[in-house]
>>> print(open('final-v7.cif').read())   # mmCIF, C-alpha atoms
data_my_file
#
loop_
_atom_site.label_atom_id
_atom_site.label_comp_id
_atom_site.auth_asym_id
_atom_site.auth_seq_id
_atom_site.Cartn_x
_atom_site.Cartn_y
_atom_site.Cartn_z
CA MET L 10 -96.58 -100.58 -28.94
CA ALA L 11 -94.11 -98.20 -30.55
CA ALA L 12 -91.87 -99.36 -33.37
CA PRO L 13 -88.24 -100.01 -32.38
CA PRO L 14 -85.74 -97.31 -33.32
CA PRO L 15 -83.95 -97.80 -36.64
CA SER L 16 -80.57 -99.47 -36.83
CA VAL L 17 -79.71 -97.46 -39.95
CA ALA L 18 -80.99 -94.03 -40.94
CA LEU L 19 -80.14 -91.95 -43.98
CA LEU L 20 -80.63 -88.24 -43.44
CA TRP L 21 -79.94 -85.78 -46.23
CA GLY L 22 -80.38 -82.12 -46.96
CA ASP L 23 -78.77 -78.92 -45.81
CA ASP L 24 -80.72 -78.42 -42.56
CA GLU L 25 -78.10 -79.39 -40.00
CA LEU L 26 -80.35 -78.51 -37.07
CA ALA L 27 -83.05 -80.91 -38.26
CA ALA L 28 -80.47 -83.65 -38.86
CA THR L 29 -78.97 -83.10 -35.39
CA ARG L 30 -82.41 -83.35 -33.82
CA ALA L 31 -83.18 -86.53 -35.77
CA VAL L 32 -79.93 -88.14 -34.60
CA GLU L 33 -80.69 -87.15 -31.00
CA THR L 34 -84.19 -88.63 -31.29
CA ILE L 35 -82.78 -91.92 -32.57
CA ALA L 36 -80.13 -91.98 -29.81
CA ASN L 37 -82.73 -91.29 -27.13
CA ALA L 38 -85.03 -94.00 -28.48
CA HIS L 39 -82.20 -96.56 -28.39
CA ALA L 40 -81.26 -95.49 -24.85
CA ALA L 41 -84.87 -95.80 -23.71
CA GLU L 42 -85.20 -99.24 -25.31
CA GLY L 43 -81.92 -100.62 -23.97
CA GLY L 44 -81.73 -98.69 -20.70
CA VAL L 45 -78.17 -97.53 -21.46
CA PRO L 46 -77.15 -94.57 -23.64
CA LEU L 47 -75.22 -95.26 -26.81
CA GLU L 48 -71.63 -94.19 -27.27
CA ARG L 49 -71.62 -91.65 -30.10
CA TRP L 50 -68.94 -91.94 -32.78
CA ASP L 51 -68.78 -89.11 -35.33
CA LEU L 52 -66.90 -89.24 -38.60
CA ARG L 53 -66.87 -86.57 -41.30
CA GLY L 54 -66.22 -87.57 -44.90
CA ASP L 55 -63.07 -86.20 -46.48
CA ALA L 56 -62.22 -86.55 -50.17
CA GLY L 57 -58.50 -86.70 -49.31
CA SER L 58 -58.63 -90.08 -47.57
CA PRO L 59 -61.83 -91.93 -48.51
CA ALA L 60 -60.28 -95.42 -48.44
CA ASP L 61 -59.00 -94.94 -44.87
CA LEU L 62 -62.29 -93.48 -43.65
CA VAL L 63 -64.41 -96.18 -45.30
CA GLY L 64 -62.09 -98.74 -43.67
CA GLN L 65 -62.70 -97.13 -40.27
CA ILE L 66 -66.46 -97.23 -40.84
CA VAL L 67 -66.40 -100.88 -41.91
CA GLU L 68 -64.30 -101.82 -38.88
CA ARG L 69 -66.48 -99.86 -36.46
CA LEU L 70 -69.78 -101.21 -37.79
CA SER L 71 -68.70 -104.84 -37.84
CA THR L 72 -67.15 -104.90 -34.35
CA PRO L 73 -69.61 -105.96 -31.64
CA VAL L 74 -69.84 -104.01 -28.42
CA ILE L 75 -68.73 -105.77 -25.25
CA PHE L 76 -69.81 -103.21 -22.65
CA GLY L 77 -72.40 -100.44 -22.63
CA GLY L 78 -75.42 -99.83 -24.76
CA GLY L 79 -73.75 -99.88 -28.15
CA THR L 80 -72.44 -97.32 -30.58
CA LEU L 81 -74.26 -94.66 -32.55
CA ALA L 82 -72.10 -94.08 -35.64
CA VAL L 83 -72.83 -90.72 -37.26
CA VAL L 84 -71.16 -90.23 -40.65
CA THR L 85 -71.54 -86.87 -42.36
CA HIS L 86 -70.53 -85.84 -45.87
CA VAL L 87 -70.79 -89.43 -47.07
CA GLY L 88 -70.83 -88.33 -50.70
CA LEU L 89 -67.13 -87.51 -50.46
CA LEU L 90 -66.43 -91.12 -49.46
CA ILE L 91 -68.31 -92.94 -52.20
CA ARG L 92 -67.05 -91.37 -55.41
CA LYS L 93 -65.29 -94.60 -56.37
CA ASN L 94 -67.33 -97.75 -56.84
CA GLU L 95 -65.10 -99.85 -54.59
CA HIS L 96 -65.54 -97.41 -51.69
CA ARG L 97 -69.29 -97.28 -52.23
CA ASP L 98 -69.52 -101.07 -52.38
CA ALA L 99 -67.46 -101.45 -49.19
CA LEU L 100 -69.64 -98.94 -47.34
CA VAL L 101 -72.91 -100.50 -48.50
CA GLY L 102 -71.55 -103.95 -47.65
CA ALA L 103 -70.65 -102.75 -44.17
CA LEU L 104 -74.29 -101.98 -43.47
CA GLY L 105 -75.00 -105.70 -43.72
CA THR L 106 -72.35 -106.48 -41.11
CA ILE L 107 -73.65 -104.22 -38.38
CA ALA L 108 -72.93 -106.00 -35.15
CA PRO L 109 -75.68 -106.32 -32.54
CA GLY L 110 -75.70 -103.29 -30.25
#
>>> encode(input="final-v7.cif", output="structure tokens")
Amino acid sequence: MAAPPPSVALLWGDDELAATRAVETIANAHAAEGGVPLERWDLRGDAGSPADLVGQIVERLSTPVIFGGGTLAVVTHVGLLIRKNEHRDALVGALGTIAPG
């Protein structure tokens, strides 16, 4: 029996094609497991508004899905969001509140 797809994945490096393929593989594995494709939500880090973006991530991760297969949250350029300890702590804490689905 194959292992279930990860709920959280950290991909790093400068090979965007490899990262895109990895995200697609995870999305396809979740869709195959649940029978319904995930809604993809993309967010790109921006040093100009890290508090707002971290807040959006926290809200999105901790809100359960009512309909559909769930949400695949893809956050790029995370380093720009976690320069301050409070932003980093909020983002790491949000991982523990991931809602089912």
>>> residues_around(input="final-v7.cif", residues="L:Asp23", least_positions_apart="5", cutoff="12 Å", atoms="only C-alpha atoms", output="list in words")
Ala28, Thr29, Thr85 and His86 of chain L
>>> closest_residue(input="final-v7.cif", among="L:Gly79, L:Pro73, L:Gly64, L:Pro14", to="L:Leu52", atoms="all atoms listed in the file")
L:Gly64
>>> resolve_selection(input="final-v7.cif", expression="the PyMOL selection byres ((chain L and resi 13) around 12)", output="compact mmCIF listing (two decimals) with C-alpha atoms, in the coordinates of the input")
# COMPACT_ATOMS: atom_id res chain seq x y z
CA MET L 10 -96.58 -100.58 -28.94
CA ALA L 11 -94.11 -98.20 -30.55
CA ALA L 12 -91.87 -99.36 -33.37
CA PRO L 14 -85.74 -97.31 -33.32
CA PRO L 15 -83.95 -97.80 -36.64
CA SER L 16 -80.57 -99.47 -36.83
CA VAL L 17 -79.71 -97.46 -39.95
CA ILE L 35 -82.78 -91.92 -32.57
CA ALA L 36 -80.13 -91.98 -29.81
CA ASN L 37 -82.73 -91.29 -27.13
CA ALA L 38 -85.03 -94.00 -28.48
CA HIS L 39 -82.20 -96.56 -28.39
CA ALA L 40 -81.26 -95.49 -24.85
CA ALA L 41 -84.87 -95.80 -23.71
CA GLU L 42 -85.20 -99.24 -25.31
CA GLY L 43 -81.92 -100.62 -23.97
>>> atom_distance(input="final-v7.cif", atom1="atom CA of L:Ala18", atom2="atom CA of L:Thr34")
11.5 Å
>>> closest_residue(input="final-v7.cif", among="L:Arg30, L:Leu89, L:Gly78, L:Thr72", to="L:Leu104", atoms="all atoms listed in the file")
L:Thr72
>>> resolve_selection(input="final-v7.cif", expression="the PyMOL selection byres ((chain L and resi 102) around 12)", output="VMD selection string")
chain L and resid 63 to 64 66 to 68 70 to 71 94 to 101 103 to 107
>>> decode(input="final-v7.cif", residues="stretch 69-93 of chain L", atoms="N, CA, C and O atoms", output="PDB file, in the first residue's frame")
ATOM      1  N   ARG L  69      -6.507  30.880   6.009  1.00  0.00           N
ATOM      2  CA  ARG L  69      -6.812  29.858   4.992  1.00  0.00           C
ATOM      3  C   ARG L  69      -6.520  28.455   5.509  1.00  0.00           C
ATOM      4  O   ARG L  69      -7.291  27.528   5.276  1.00  0.00           O
ATOM      5  N   LEU L  70      -5.413  28.285   6.219  1.00  0.00           N
ATOM      6  CA  LEU L  70      -5.050  26.952   6.708  1.00  0.00           C
ATOM      7  C   LEU L  70      -5.959  26.463   7.822  1.00  0.00           C
ATOM      8  O   LEU L  70      -6.200  25.270   7.957  1.00  0.00           O
ATOM      9  N   SER L  71      -6.469  27.369   8.624  1.00  0.00           N
ATOM     10  CA  SER L  71      -7.259  26.950   9.778  1.00  0.00           C
ATOM     11  C   SER L  71      -8.763  26.900   9.507  1.00  0.00           C
ATOM     12  O   SER L  71      -9.536  26.566  10.392  1.00  0.00           O
ATOM     13  N   THR L  72      -9.180  27.219   8.291  1.00  0.00           N
ATOM     14  CA  THR L  72     -10.598  27.178   7.942  1.00  0.00           C
ATOM     15  C   THR L  72     -10.912  25.865   7.244  1.00  0.00           C
ATOM     16  O   THR L  72     -10.365  25.580   6.184  1.00  0.00           O
ATOM     17  N   PRO L  73     -11.799  25.044   7.827  1.00  0.00           N
ATOM     18  CA  PRO L  73     -12.125  23.773   7.181  1.00  0.00           C
ATOM     19  C   PRO L  73     -12.925  23.970   5.902  1.00  0.00           C
ATOM     20  O   PRO L  73     -13.622  24.965   5.734  1.00  0.00           O
ATOM     21  N   VAL L  74     -12.814  23.002   5.027  1.00  0.00           N
ATOM     22  CA  VAL L  74     -13.510  23.031   3.749  1.00  0.00           C
ATOM     23  C   VAL L  74     -14.885  22.402   3.919  1.00  0.00           C
ATOM     24  O   VAL L  74     -15.015  21.345   4.531  1.00  0.00           O
ATOM     25  N   ILE L  75     -15.906  23.037   3.381  1.00  0.00           N
ATOM     26  CA  ILE L  75     -17.260  22.498   3.477  1.00  0.00           C
ATOM     27  C   ILE L  75     -17.579  21.636   2.263  1.00  0.00           C
ATOM     28  O   ILE L  75     -18.140  20.561   2.383  1.00  0.00           O
ATOM     29  N   PHE L  76     -17.214  22.096   1.078  1.00  0.00           N
ATOM     30  CA  PHE L  76     -17.505  21.372  -0.148  1.00  0.00           C
ATOM     31  C   PHE L  76     -16.213  21.112  -0.909  1.00  0.00           C
ATOM     32  O   PHE L  76     -15.255  21.860  -0.797  1.00  0.00           O
ATOM     33  N   GLY L  77     -16.194  20.072  -1.713  1.00  0.00           N
ATOM     34  CA  GLY L  77     -15.055  19.779  -2.561  1.00  0.00           C
ATOM     35  C   GLY L  77     -14.022  18.921  -1.864  1.00  0.00           C
ATOM     36  O   GLY L  77     -14.239  18.390  -0.780  1.00  0.00           O
ATOM     37  N   GLY L  78     -12.882  18.808  -2.492  1.00  0.00           N
ATOM     38  CA  GLY L  78     -11.845  17.927  -2.001  1.00  0.00           C
ATOM     39  C   GLY L  78     -10.866  18.571  -1.041  1.00  0.00           C
ATOM     40  O   GLY L  78     -10.018  17.908  -0.483  1.00  0.00           O
ATOM     41  N   GLY L  79     -10.946  19.858  -0.862  1.00  0.00           N
ATOM     42  CA  GLY L  79     -10.009  20.543   0.016  1.00  0.00           C
ATOM     43  C   GLY L  79      -9.237  21.598  -0.747  1.00  0.00           C
ATOM     44  O   GLY L  79      -9.530  21.888  -1.904  1.00  0.00           O
ATOM     45  N   THR L  80      -8.261  22.158  -0.094  1.00  0.00           N
ATOM     46  CA  THR L  80      -7.469  23.237  -0.681  1.00  0.00           C
ATOM     47  C   THR L  80      -5.997  22.867  -0.665  1.00  0.00           C
ATOM     48  O   THR L  80      -5.489  22.380   0.334  1.00  0.00           O
ATOM     49  N   LEU L  81      -5.338  23.106  -1.766  1.00  0.00           N
ATOM     50  CA  LEU L  81      -3.892  22.975  -1.856  1.00  0.00           C
ATOM     51  C   LEU L  81      -3.338  24.396  -1.807  1.00  0.00           C
ATOM     52  O   LEU L  81      -3.494  25.168  -2.749  1.00  0.00           O
ATOM     53  N   ALA L  82      -2.764  24.773  -0.664  1.00  0.00           N
ATOM     54  CA  ALA L  82      -2.187  26.102  -0.500  1.00  0.00           C
ATOM     55  C   ALA L  82      -0.722  26.052  -0.908  1.00  0.00           C
ATOM     56  O   ALA L  82       0.059  25.296  -0.344  1.00  0.00           O
ATOM     57  N   VAL L  83      -0.359  26.845  -1.906  1.00  0.00           N
ATOM     58  CA  VAL L  83       1.014  26.900  -2.397  1.00  0.00           C
ATOM     59  C   VAL L  83       1.544  28.296  -2.108  1.00  0.00           C
ATOM     60  O   VAL L  83       1.058  29.286  -2.667  1.00  0.00           O
ATOM     61  N   VAL L  84       2.526  28.380  -1.209  1.00  0.00           N
ATOM     62  CA  VAL L  84       3.102  29.667  -0.823  1.00  0.00           C
ATOM     63  C   VAL L  84       4.548  29.695  -1.313  1.00  0.00           C
ATOM     64  O   VAL L  84       5.353  28.844  -0.944  1.00  0.00           O
ATOM     65  N   THR L  85       4.859  30.662  -2.148  1.00  0.00           N
ATOM     66  CA  THR L  85       6.219  30.809  -2.660  1.00  0.00           C
ATOM     67  C   THR L  85       6.862  32.051  -2.048  1.00  0.00           C
ATOM     68  O   THR L  85       6.174  32.942  -1.566  1.00  0.00           O
ATOM     69  N   HIS L  86       8.176  32.063  -2.060  1.00  0.00           N
ATOM     70  CA  HIS L  86       8.960  33.164  -1.491  1.00  0.00           C
ATOM     71  C   HIS L  86       8.619  33.392  -0.022  1.00  0.00           C
ATOM     72  O   HIS L  86       8.406  34.524   0.426  1.00  0.00           O
ATOM     73  N   VAL L  87       8.566  32.294   0.720  1.00  0.00           N
ATOM     74  CA  VAL L  87       8.211  32.341   2.140  1.00  0.00           C
ATOM     75  C   VAL L  87       9.234  33.135   2.942  1.00  0.00           C
ATOM     76  O   VAL L  87       8.887  33.794   3.923  1.00  0.00           O
ATOM     77  N   GLY L  88      10.484  33.102   2.529  1.00  0.00           N
ATOM     78  CA  GLY L  88      11.525  33.813   3.265  1.00  0.00           C
ATOM     79  C   GLY L  88      11.223  35.286   3.459  1.00  0.00           C
ATOM     80  O   GLY L  88      11.594  35.877   4.476  1.00  0.00           O
ATOM     81  N   LEU L  89      10.527  35.884   2.506  1.00  0.00           N
ATOM     82  CA  LEU L  89      10.165  37.296   2.623  1.00  0.00           C
ATOM     83  C   LEU L  89       9.121  37.528   3.712  1.00  0.00           C
ATOM     84  O   LEU L  89       8.967  38.646   4.211  1.00  0.00           O
ATOM     85  N   LEU L  90       8.402  36.476   4.086  1.00  0.00           N
ATOM     86  CA  LEU L  90       7.329  36.609   5.072  1.00  0.00           C
ATOM     87  C   LEU L  90       7.786  36.367   6.502  1.00  0.00           C
ATOM     88  O   LEU L  90       7.068  36.714   7.433  1.00  0.00           O
ATOM     89  N   ILE L  91       8.933  35.751   6.683  1.00  0.00           N
ATOM     90  CA  ILE L  91       9.315  35.319   8.033  1.00  0.00           C
ATOM     91  C   ILE L  91      10.573  36.008   8.544  1.00  0.00           C
ATOM     92  O   ILE L  91      11.296  35.456   9.356  1.00  0.00           O
ATOM     93  N   ARG L  92      10.818  37.202   8.108  1.00  0.00           N
ATOM     94  CA  ARG L  92      11.987  37.946   8.587  1.00  0.00           C
ATOM     95  C   ARG L  92      11.841  38.367  10.043  1.00  0.00           C
ATOM     96  O   ARG L  92      12.817  38.489  10.756  1.00  0.00           O
ATOM     97  N   LYS L  93      10.614  38.618  10.476  1.00  0.00           N
ATOM     98  CA  LYS L  93      10.365  38.971  11.877  1.00  0.00           C
ATOM     99  C   LYS L  93       9.920  37.724  12.620  1.00  0.00           C
ATOM    100  O   LYS L  93       9.182  36.898  12.091  1.00  0.00           O
TER     101      LYS L  93
END
